[in-house]
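Beneath this line is the structure, given in structure tokens, with notes to follow.
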Amino acid sequence: MSYSEVKQELSKPPHEQMVRKTGLLTYYNRYKVLYLLSIPGIVYFLIFKYIPLTGSVMAFQDYSIFAGIWKSDWVGLDNFRRMFEYADFWRILKNTMAIGFYTLFFAFPIPILLALMMNELRNQFFKRFVQTAVYLPHFLSWVVVGGIVIEILNPTSGVVNYIVTLFGHEPIYFMGEDSFIRTIIVSSSVWRDAGWSTIIYLAAMSGINPDLYEAAQMDGATRWKQTWAITIPSILTTITILFLLQIGNFLDLGFERVFVFLNPLNNAQGDILDTYIYRVGLIQREYSYTTAIGLFKSVIGFVLIVTANMFSKKATGEGLY
């Protein structure tokens with residue numbers, strides 16, 4: 001081999017060099033356990049994510065459950081025109097984007113801060129107690145969470161209104177005013193899922209070399225400076241990846257987390273695309289129209305995640321791909 005060929009070979013990632021030297025069969029045999037472990041995940045995504053994509057053709061049809069996908073009439077972009085011409089669609093899209101932005105701006109950083117604080121706990125018994133306490137709400141269904149939140153905000157027997165009356169104010173019917181619904185949805189999501197999301201960040205922190213902290217202590221760095229100079233930069237890749245994934249789900253807020261709080265009094269600012277799809281698609285059985293809305297959500301999410309990944313690669317050098 002010439003010098004340029006040797007240099008090119010050495011510049012390749014280690015796993016590519018190993019494949020060239022030992023052959024593909026030896027490489028796969030060496031990591032066959034990892035490939036076997038990945039099979040259930042691959043099968044899951046094939047069955048529940050990729051195969052259902054073929055049903056997206058319904059967005060361009062006047063779908064009939066009797067004719068099926070192959071025999072339903074083709075209508076082109078009529079369902080998309082109907083979606084954009086519907087007056088309330090823009091209000092619903094605005095609600096979805098507002099709640100998505102609030103979730104991204106407020107709910108995303110809280111698990112990071114919570115993980116940083118738990119990482120500073122030195123009493124292992126107390127640390128495990130705190131971890132368990134903040135993890136537990138994740139295992140509650142949204143129906144239970146909704147019942148708890150509604151009871152807490154009850155104008156007659158709720159804890160929040162009891163405190164409000166102590167300060168001499170009249171009780172507030174939080175669930176009956178649409179100005180509070182977005183705050184209720186986002187804050188309840190934080191309470192339920194923030195603790196669970198800290199698992200990934202704590203796992204990333206556990207991989208940080210302890211020698212870095214010891215060297216910082218010898219240089220006189222305080223715990224705050226160690227967190228700012230060592231902990232945060234070490235988990236920055238994890239933060240970036242999760243942030244990009246969150247952006248990809250910007251419009252995918254989840255039906256159940258919103259529906260449990262909706263009523264006719266707060267529907268104006270709480271109704272989102274997922275709840276609208278439920279009403280029109282499942283109750284009114286307009287499958288082609290709601291498939292078009294779902295495809296619209298997917299395209300917007302794809303564009304957002306590709307754009308955010310591009311900017312992330314340029315700004316930090318980290319990205320999903």
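We label chains A, B, ... in the order they appear in the structure tokens, count residues from 1 in each chain, and number ligands from 1 in the order shown.
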Asp78 (chain A) surroundings by only C-alpha atoms, 10 Å radius, close-in-sequence under 4 positions cut, as a ChimeraX atom specification: /A:59-62,74,82-83,288-289,292
May I have the residues from that selection written out with all heavy atoms, as a short mmCIF file (atom, residue, chain, number, x, y, z; two decimals), in the first residue's frame?
```cif
data_model
loop_
_atom_site.label_atom_id
_atom_site.label_comp_id
_atom_site.auth_asym_id
_atom_site.auth_seq_id
_atom_site.Cartn_x
_atom_site.Cartn_y
_atom_site.Cartn_z
N ALA A 59 -54.76 9.73 3.29
CA ALA A 59 -54.85 11.20 3.29
C ALA A 59 -55.19 11.74 1.92
O ALA A 59 -55.68 12.87 1.80
CB ALA A 59 -53.54 11.80 3.79
N PHE A 60 -54.95 10.96 0.87
CA PHE A 60 -55.20 11.41 -0.49
C PHE A 60 -56.42 10.70 -1.09
O PHE A 60 -56.61 10.74 -2.30
CB PHE A 60 -53.98 11.14 -1.36
CG PHE A 60 -52.71 11.72 -0.79
CD1 PHE A 60 -51.87 10.96 0.00
CD2 PHE A 60 -52.39 13.05 -1.02
CE1 PHE A 60 -50.70 11.49 0.52
CE2 PHE A 60 -51.23 13.60 -0.49
CZ PHE A 60 -50.38 12.82 0.29
N GLN A 61 -57.22 10.06 -0.22
CA GLN A 61 -58.39 9.32 -0.68
C GLN A 61 -59.64 9.76 0.07
O GLN A 61 -59.56 10.40 1.12
CB GLN A 61 -58.20 7.80 -0.46
CG GLN A 61 -57.06 7.17 -1.23
CD GLN A 61 -56.89 5.71 -0.87
OE1 GLN A 61 -57.16 5.30 0.26
NE2 GLN A 61 -56.47 4.91 -1.85
N ASP A 62 -60.78 9.40 -0.49
CA ASP A 62 -62.03 9.47 0.25
C ASP A 62 -62.26 8.06 0.79
O ASP A 62 -63.01 7.27 0.24
CB ASP A 62 -63.17 9.90 -0.67
CG ASP A 62 -64.49 10.05 0.08
OD1 ASP A 62 -64.46 10.04 1.33
OD2 ASP A 62 -65.54 10.12 -0.58
N TRP A 74 -59.77 8.23 -5.16
CA TRP A 74 -58.62 9.14 -5.03
C TRP A 74 -59.11 10.59 -5.14
O TRP A 74 -59.78 10.95 -6.10
CB TRP A 74 -57.60 8.83 -6.11
CG TRP A 74 -56.30 9.54 -5.91
CD1 TRP A 74 -55.92 10.73 -6.44
CD2 TRP A 74 -55.19 9.08 -5.14
NE1 TRP A 74 -54.66 11.07 -6.03
CE2 TRP A 74 -54.18 10.06 -5.24
CE3 TRP A 74 -54.95 7.95 -4.37
CZ2 TRP A 74 -52.95 9.94 -4.61
CZ3 TRP A 74 -53.72 7.81 -3.74
CH2 TRP A 74 -52.74 8.79 -3.85
N ARG A 82 -59.21 21.18 2.72
CA ARG A 82 -60.25 21.29 3.74
C ARG A 82 -59.64 21.64 5.09
O ARG A 82 -60.20 22.45 5.84
CB ARG A 82 -61.02 19.98 3.82
CG ARG A 82 -62.07 19.95 4.93
CD ARG A 82 -62.66 18.58 5.08
NE ARG A 82 -63.52 18.52 6.25
CZ ARG A 82 -64.06 17.39 6.72
NH1 ARG A 82 -63.85 16.24 6.10
NH2 ARG A 82 -64.81 17.41 7.80
N MET A 83 -58.49 21.05 5.39
CA MET A 83 -57.83 21.30 6.67
C MET A 83 -57.44 22.77 6.81
O MET A 83 -57.71 23.41 7.83
CB MET A 83 -56.59 20.41 6.78
CG MET A 83 -55.75 20.63 8.03
SD MET A 83 -54.34 19.49 8.08
CE MET A 83 -53.37 20.09 6.70
N SER A 288 -59.98 9.79 6.39
CA SER A 288 -59.06 10.39 5.43
C SER A 288 -58.65 11.80 5.86
O SER A 288 -57.48 12.18 5.77
CB SER A 288 -59.73 10.46 4.05
OG SER A 288 -59.93 9.17 3.53
N TYR A 289 -59.61 12.56 6.36
CA TYR A 289 -59.33 13.93 6.79
C TYR A 289 -58.35 13.96 7.96
O TYR A 289 -57.38 14.72 7.96
CB TYR A 289 -60.65 14.61 7.15
CG TYR A 289 -60.51 16.02 7.69
CD1 TYR A 289 -59.79 16.98 6.99
CD2 TYR A 289 -61.10 16.38 8.89
CE1 TYR A 289 -59.66 18.27 7.47
CE2 TYR A 289 -60.98 17.66 9.38
CZ TYR A 289 -60.26 18.60 8.67
OH TYR A 289 -60.13 19.87 9.15
N ALA A 292 -54.85 13.06 6.98
CA ALA A 292 -54.17 14.22 6.40
C ALA A 292 -53.59 15.12 7.49
O ALA A 292 -52.47 15.63 7.37
CB ALA A 292 -55.13 15.01 5.51
#
```
Every residue of region 115-144 of chain A that DSSP places in alpha helix (DSSP H), as a PyMOL selection string: chain A and resi 115-119+124-135+142-144
Filtered DSSP result for region 47-273 of chain A, state strand (DSSP E), as a list in words: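 Written out, the strand (DSSP E) residues of region 47-273 of chain A are Gln61, Asp62, Asp73 and Trp74 of chain A.
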Output of the above residues as a short mmCIF file (atom, residue, chain, number, x, y, z; two decimals), in the first residue's frame, restricted to N, CA, C and O atoms:
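Written file, again.cif:
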```cif
data_model
loop_
_atom_site.label_atom_id
_atom_site.label_comp_id
_atom_site.auth_asym_id
_atom_site.auth_seq_id
_atom_site.Cartn_x
_atom_site.Cartn_y
_atom_site.Cartn_z
N GLN A 61 -57.22 10.06 -0.22
CA GLN A 61 -58.39 9.32 -0.68
C GLN A 61 -59.64 9.76 0.07
O GLN A 61 -59.56 10.40 1.12
N ASP A 62 -60.78 9.40 -0.49
CA ASP A 62 -62.03 9.47 0.25
C ASP A 62 -62.26 8.06 0.79
O ASP A 62 -63.01 7.27 0.24
N ASP A 73 -61.87 5.94 -3.44
CA ASP A 73 -61.70 6.96 -4.48
C ASP A 73 -60.54 7.89 -4.15
O ASP A 73 -60.36 8.31 -3.00
N TRP A 74 -59.77 8.23 -5.16
CA TRP A 74 -58.62 9.14 -5.03
C TRP A 74 -59.11 10.59 -5.14
O TRP A 74 -59.78 10.95 -6.10
#
```
Atomic distance CA of Gly68 (chain A) - CA of Ile277 (chain A), expressed in Å with one decimal: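 Calculated distance between CA of Gly68 (chain A) and CA of Ile277 (chain A) is 20.3 Å.
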Exercise: region 240-257 of chain A partners within 6 Å, only C-alpha atoms, chain neighbours under 5 positions left out, as a list of chain:residue names: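 Here the answer would be A:Gly100, A:Trp142, A:Asp274, A:Thr275, A:Gly301, A:Ile305.
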Contacts of region 158-171 of chain A at 12 Å (only C-alpha atoms; same-chain gap of 6+ positions) as a PyMOL selection string: chain A and resi 147-152
Among the residues A:Pro109, A:Gly317, A:Pro52, A:Gly76, the one that comes closest to Tyr201 (chain A) [using only C-alpha atoms]: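 Ranking A:Pro109, A:Gly317, A:Pro52, A:Gly76 by distance to Tyr201 (chain A), first place goes to A:Pro109.
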Atomic separation - CA of Leu295 (chain A) relative to CA of Ile184 (chain A), Å: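 If I compute the distance from CA of Ile184 (chain A) to CA of Leu295 (chain A), I get 28.1 Å.
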Long-range neighbours of Ser234 (chain A) as a list in words, 9 Å cut-off, only C-alpha atoms, 5 positions minimum in chain: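 The neighbour list is Ala204, Met205, Gly207, Ile208 and Ala229 of chain A.
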